[in-house]
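Engineer: Here you go, one structure.
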Amino acid sequence: MRERIWPPSLLLLLLLLLLLLLPPPLWGDPPDSGRGDPEPERGPLQPFDLLYASGVAAYYSGDYEQAVRDLEAALSSYRRLRHIRTRCTRHCAARRPLAPPGTGPGAELPFFRALLERARCYRSCETQRLGGPVSRHRVSEDVRSDFQRRVPYNYLQRAYVKLNQPDKAMEAAHTFFMANPEHMEMQQDIENYRMMAGVDALQLTDREARPHLESYSAAVKHYESDEFEVAIKYFEQALREYFIEDSECRTLCEGPQRFEEYEYLAYKAGLYEAIADHYMQVLVCQHECVRELATRPGRLSPIENFLPLHYDYLQFAYYRVGEYVKALECAKAYLLFHPDDEDVLDNVEYYEGLLDNGVDPESIEAREDLAMFVKRHKLESELIKSAAEGLGFSYTEPNYWNRYGGRQDENRVPSGVNMEAAEVHGLSMGKKSSPKIQRDLREGGPLLYENITFVYNSEQLNGTQRVLLDNVLSEEQCRELHSVASGIMLVGDGYRGKTSPHTPNEKFEGATVLKALKFGYEGRVPLKSARLFYEISEKARKIVESYFMLNSTLYFSYTHMVCRTALSGQQDRRNDLSHPIHADNCLLDPEANECWKEPPAYTFRDYSALLYMNDDFEGGEFIFTEMDAKTVTASIKPKCGRMVSFSSGGENPHGVKAVTRGQRCAVALWFTLDPLYRELERIQADEVIAILDQEQQGKHELNINPKDEL
């Protein structure tokens, strides 16, 4: 175990800043939380992990009524436990304030006495409210992770279906889906439940919705509709809820910590080292609450510039309703995050010119609650950096308030204009759509090959970066590819072995280029046909690169021949999709009208293409939709030689309608502009082709007929 030398000045700084950063209960929070205490339970609170285990066991044993009771009780227990911990922390912070260290012998004793009194208060409060020992409610990391990912709702939705309660099943499924947007089957389940229950899509309820995010989303919608008074109401509500959530987040950080550098049983740190190790983990956790509160459930990346955006929107909304003092307060609040923002600095100057003569602009300051919040955040940052340097651990301060996460409109008061020219009705009200692609958008380049027929461009397909082409394959090539498919396809290939990955009503089979070449080399399929798979995929890559006029090389990211077959006896009254609506490089969030470019999405994909091999089946149309995953903007009927290509981001949500009879086959291709994400199997396939070409060249040089080899 490493030894640390603790300078007295650093220890004193740690204790003093500990006092500053453990303030009275609602420092920086609104005075009224607006939340009531959850309904108290009779008797001791049952541990949520035991209720969860009992509910899961009941589900798998087929006792769905018991499963629902236990799972709902587990969720209730989990919420109440969090509430009790938050309330006890606030209560004891107010009742047992920490005392500053004194001077001379025993100078630290008043501080540690206050610390011990607060610990005793907290334990007594928790034990009383929980109705038993706190230790009963310590759970494993796996269980904690399940509740954070809302896994109990997945069991609940299935149990409610078994009990013929589609409305509750839909509610549970929607709640689970909000935190697990990559779960494609769940979206279709929700639609099925909605139709069974006869509920409008707008009535879907997220039982774990975070109030500040809901209010913020509502505020932005009203703002974009120029309903500024209503927008102000929701933005102010979102801020109140944000500070409440921040207080709760910080409180929950004060729980047990994991000492990742040490084996717990072998951890034998001294007094000050143990205090510092624990407290710095708590402090980093609390410092990260700004990121936690800006991150939607199930996402890894926060909404950029989230908290500052509230004040950016508000400064203009207040201006539009004539409340110039409040507009100035909010503009100055925004400048606490971005003091050199020229637009908002201009707005401050402009708002000051609109004030009544009796109002001193210097007397109007940024909101006090936010000023204290920012001050605390800066103090935390300074302490963490100081501790990292002095105590020997690594820490890099994230950029919590990225400037490029700006308000996407032109409602900024123009600078340098006179008062009359800046009347409300004279301001530019145009909205700018959020950019989805970070490169020049061009199309219409040459198609490179004869006989290829141009069908539709992006405008005709009602979207961005889309193209539809015919005759990329000949009829003979389609037949040859279809024939080789039957010899190399494996059920579940490319879908982690799942026979029906997207719908239980179809069977999926697939194969890669490398597998086709391997089978061809071994003589299990004609080598000529295996090479055709390789060659037509390269042909498609060149067409996409040329048509979209890309300035850099387009690389293969993944190449997959896939056939989906309608299962007989399962097509009656079918209303699901063969492949649910999705985007290829981001997580589509229809509720938020966003597509989150983060794992588990394949964020490195830039362009996609589908090359169809047949049309002797029913259904299976390829569709583009709006971001809502419902409004169809274009529908394409597959046929031999037809290819659709498009950019892979949220600008192009797409899916496949149900295949209700026969088998639909296509070559699916995904491309990247980043050579770091080149398809490994494609590189290996290139090597196989090079070897085959060398062998063929050698045979020609020796005048050997390949048929004579055997």
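Note on naming: chains are A, B, ... as they come in the structure tokens, residues start from 1 per chain, ligands start from 1 in the order shown.
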Got a sec: who's within 8 Å of Asp246 (chain A), counting only C-alpha atoms, leaving out chain neighbours fewer than 2 positions off, as number ranges by chain?
Structural biologist: A: 242-244, 248-250, 289-290, 293
Engineer: Residues as selected, all heavy atoms, written as an mmCIF file, in the first residue's frame, can you do that?
Structural biologist:
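Written output follows (result07.cif):
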data_model
loop_
_atom_site.group_PDB
_atom_site.id
_atom_site.type_symbol
_atom_site.label_atom_id
_atom_site.label_comp_id
_atom_site.auth_asym_id
_atom_site.auth_seq_id
_atom_site.Cartn_x
_atom_site.Cartn_y
_atom_site.Cartn_z
ATOM 1 N N TYR A 242 -34.933 21.559 -11.069
ATOM 2 C CA TYR A 242 -33.512 21.242 -11.255
ATOM 3 C C TYR A 242 -32.758 21.355 -9.936
ATOM 4 O O TYR A 242 -31.977 20.464 -9.570
ATOM 5 C CB TYR A 242 -32.902 22.188 -12.290
ATOM 6 C CG TYR A 242 -31.430 21.937 -12.543
ATOM 7 C CD1 TYR A 242 -31.009 21.132 -13.597
ATOM 8 C CD2 TYR A 242 -30.457 22.504 -11.723
ATOM 9 C CE1 TYR A 242 -29.669 20.888 -13.832
ATOM 10 C CE2 TYR A 242 -29.108 22.264 -11.955
ATOM 11 C CZ TYR A 242 -28.720 21.459 -13.005
ATOM 12 O OH TYR A 242 -27.390 21.222 -13.218
ATOM 13 N N PHE A 243 -32.973 22.429 -9.205
ATOM 14 C CA PHE A 243 -32.250 22.627 -7.955
ATOM 15 C C PHE A 243 -32.669 21.610 -6.898
ATOM 16 O O PHE A 243 -31.861 21.196 -6.060
ATOM 17 C CB PHE A 243 -32.436 24.056 -7.456
ATOM 18 C CG PHE A 243 -31.685 25.079 -8.263
ATOM 19 C CD1 PHE A 243 -32.349 26.117 -8.883
ATOM 20 C CD2 PHE A 243 -30.319 24.974 -8.428
ATOM 21 C CE1 PHE A 243 -31.657 27.054 -9.627
ATOM 22 C CE2 PHE A 243 -29.611 25.904 -9.170
ATOM 23 C CZ PHE A 243 -30.281 26.954 -9.781
ATOM 24 N N ILE A 244 -33.924 21.194 -6.932
ATOM 25 C CA ILE A 244 -34.364 20.128 -6.017
ATOM 26 C C ILE A 244 -33.644 18.824 -6.364
ATOM 27 O O ILE A 244 -33.108 18.127 -5.489
ATOM 28 C CB ILE A 244 -35.887 19.929 -6.110
ATOM 29 C CG1 ILE A 244 -36.623 21.162 -5.589
ATOM 30 C CG2 ILE A 244 -36.321 18.701 -5.307
ATOM 31 C CD1 ILE A 244 -38.102 21.171 -5.926
ATOM 32 N N GLU A 248 -30.965 16.467 -4.171
ATOM 33 C CA GLU A 248 -31.132 15.033 -3.944
ATOM 34 C C GLU A 248 -29.935 14.252 -4.480
ATOM 35 O O GLU A 248 -29.452 13.304 -3.845
ATOM 36 C CB GLU A 248 -32.420 14.552 -4.598
ATOM 37 C CG GLU A 248 -33.677 15.108 -3.929
ATOM 38 C CD GLU A 248 -34.946 14.550 -4.546
ATOM 39 O OE1 GLU A 248 -34.841 13.748 -5.493
ATOM 40 O OE2 GLU A 248 -36.037 14.930 -4.078
ATOM 41 N N CYS A 249 -29.453 14.635 -5.661
ATOM 42 C CA CYS A 249 -28.293 13.963 -6.247
ATOM 43 C C CYS A 249 -27.087 14.083 -5.329
ATOM 44 O O CYS A 249 -26.383 13.105 -5.058
ATOM 45 C CB CYS A 249 -27.994 14.568 -7.620
ATOM 46 S SG CYS A 249 -26.516 13.900 -8.421
ATOM 47 N N ARG A 250 -26.853 15.267 -4.815
ATOM 48 C CA ARG A 250 -25.705 15.494 -3.946
ATOM 49 C C ARG A 250 -25.851 14.711 -2.643
ATOM 50 O O ARG A 250 -24.876 14.180 -2.105
ATOM 51 C CB ARG A 250 -25.558 16.990 -3.663
ATOM 52 C CG ARG A 250 -25.260 17.808 -4.902
ATOM 53 C CD ARG A 250 -25.222 19.295 -4.588
ATOM 54 N NE ARG A 250 -24.107 19.594 -3.707
ATOM 55 C CZ ARG A 250 -22.863 19.777 -4.100
ATOM 56 N NH1 ARG A 250 -22.557 19.698 -5.394
ATOM 57 N NH2 ARG A 250 -21.893 20.030 -3.244
ATOM 58 N N CYS A 289 -22.911 15.947 -10.521
ATOM 59 C CA CYS A 289 -24.375 16.013 -10.560
ATOM 60 C C CYS A 289 -24.869 16.896 -11.697
ATOM 61 O O CYS A 289 -25.953 16.667 -12.240
ATOM 62 C CB CYS A 289 -24.930 16.501 -9.224
ATOM 63 S SG CYS A 289 -24.975 15.211 -7.942
ATOM 64 N N VAL A 290 -24.106 17.924 -12.070
ATOM 65 C CA VAL A 290 -24.536 18.780 -13.176
ATOM 66 C C VAL A 290 -24.609 17.986 -14.474
ATOM 67 O O VAL A 290 -25.457 18.244 -15.330
ATOM 68 C CB VAL A 290 -23.610 19.999 -13.335
ATOM 69 C CG1 VAL A 290 -23.709 20.907 -12.138
ATOM 70 C CG2 VAL A 290 -22.170 19.583 -13.566
ATOM 71 N N LEU A 293 -27.740 15.470 -14.117
ATOM 72 C CA LEU A 293 -29.045 16.113 -14.290
ATOM 73 C C LEU A 293 -29.288 16.550 -15.729
ATOM 74 O O LEU A 293 -30.431 16.807 -16.108
ATOM 75 C CB LEU A 293 -29.173 17.319 -13.361
ATOM 76 C CG LEU A 293 -29.130 17.012 -11.864
ATOM 77 C CD1 LEU A 293 -29.346 18.274 -11.048
ATOM 78 C CD2 LEU A 293 -30.180 15.980 -11.490
#
Engineer: Among region 124-263 of chain A, which ones does DSSP assign to helix (DSSP H, G or I) (computed from the backbone)? Answer as an NGL selection string.
Structural biologist: :A and (124-130 or 134-137 or 141-148 or 151-162 or 166-179 or 184-197 or 201-203 or 211-224 or 228-252)
Engineer: Write down as an MDAnalysis selection string the residues of region 566-633 of chain A whose backbone DSSP state falls under strand (DSSP E).
Structural biologist: chainID A and resid 566 577:582 587:589 594:596 607:612 617:619 622:625 632:633
Engineer: A:Ile536, A:Ala53, A:Ala172, A:Leu271: which is nearest Ser474 (chain A), counting only C-alpha atoms?
Structural biologist: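 Comparing A:Ile536, A:Ala53, A:Ala172, A:Leu271 against Ser474 (chain A), the winner is A:Ile536.
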Engineer: For region 139-148 of chain A, work out the shell of residues within 10 Å, counting only C-alpha atoms and skipping chain neighbours fewer than 2 positions away, then give it as JSON, numbers by chain.
Structural biologist: {"A": [47, 48, 49, 50, 52, 53, 74, 75, 78, 135, 136, 137, 150, 151, 152, 153, 179, 297, 298]}
Engineer: Taking 2 positions as the minimum chain separation for residues in the same chain, which residues sit within 12 Å of His91 (chain A) when counting only C-alpha atoms? Answer as a list in words.
Structural biologist: Pro24, Pro25, Leu26, Ile84, Arg85, Thr86, Arg87, Cys88, Thr89, Ala93, Ala94, Arg95, Arg96, Pro97, Arg118, Ala119, Cys121, Tyr122, Arg123, Ser124, Cys125, Glu126 and Thr251 of chain A
Engineer: So the first atom is CA of Glu389 (chain A) and the second is CA of Arg376 (chain A); what is the distance between them in Å, to one decimal place?
Structural biologist: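 Atom-to-atom, CA of Glu389 (chain A) to CA of Arg376 (chain A), that is 20.1 Å.
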Engineer: Would you mind telling me which residue in A:Ala666, A:Ile691, A:His582, A:Tyr324 lies nearest to Val359 (chain A) when using only C-alpha atoms?
Structural biologist: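 For Val359 (chain A), the nearest of the given residues is A:Tyr324.
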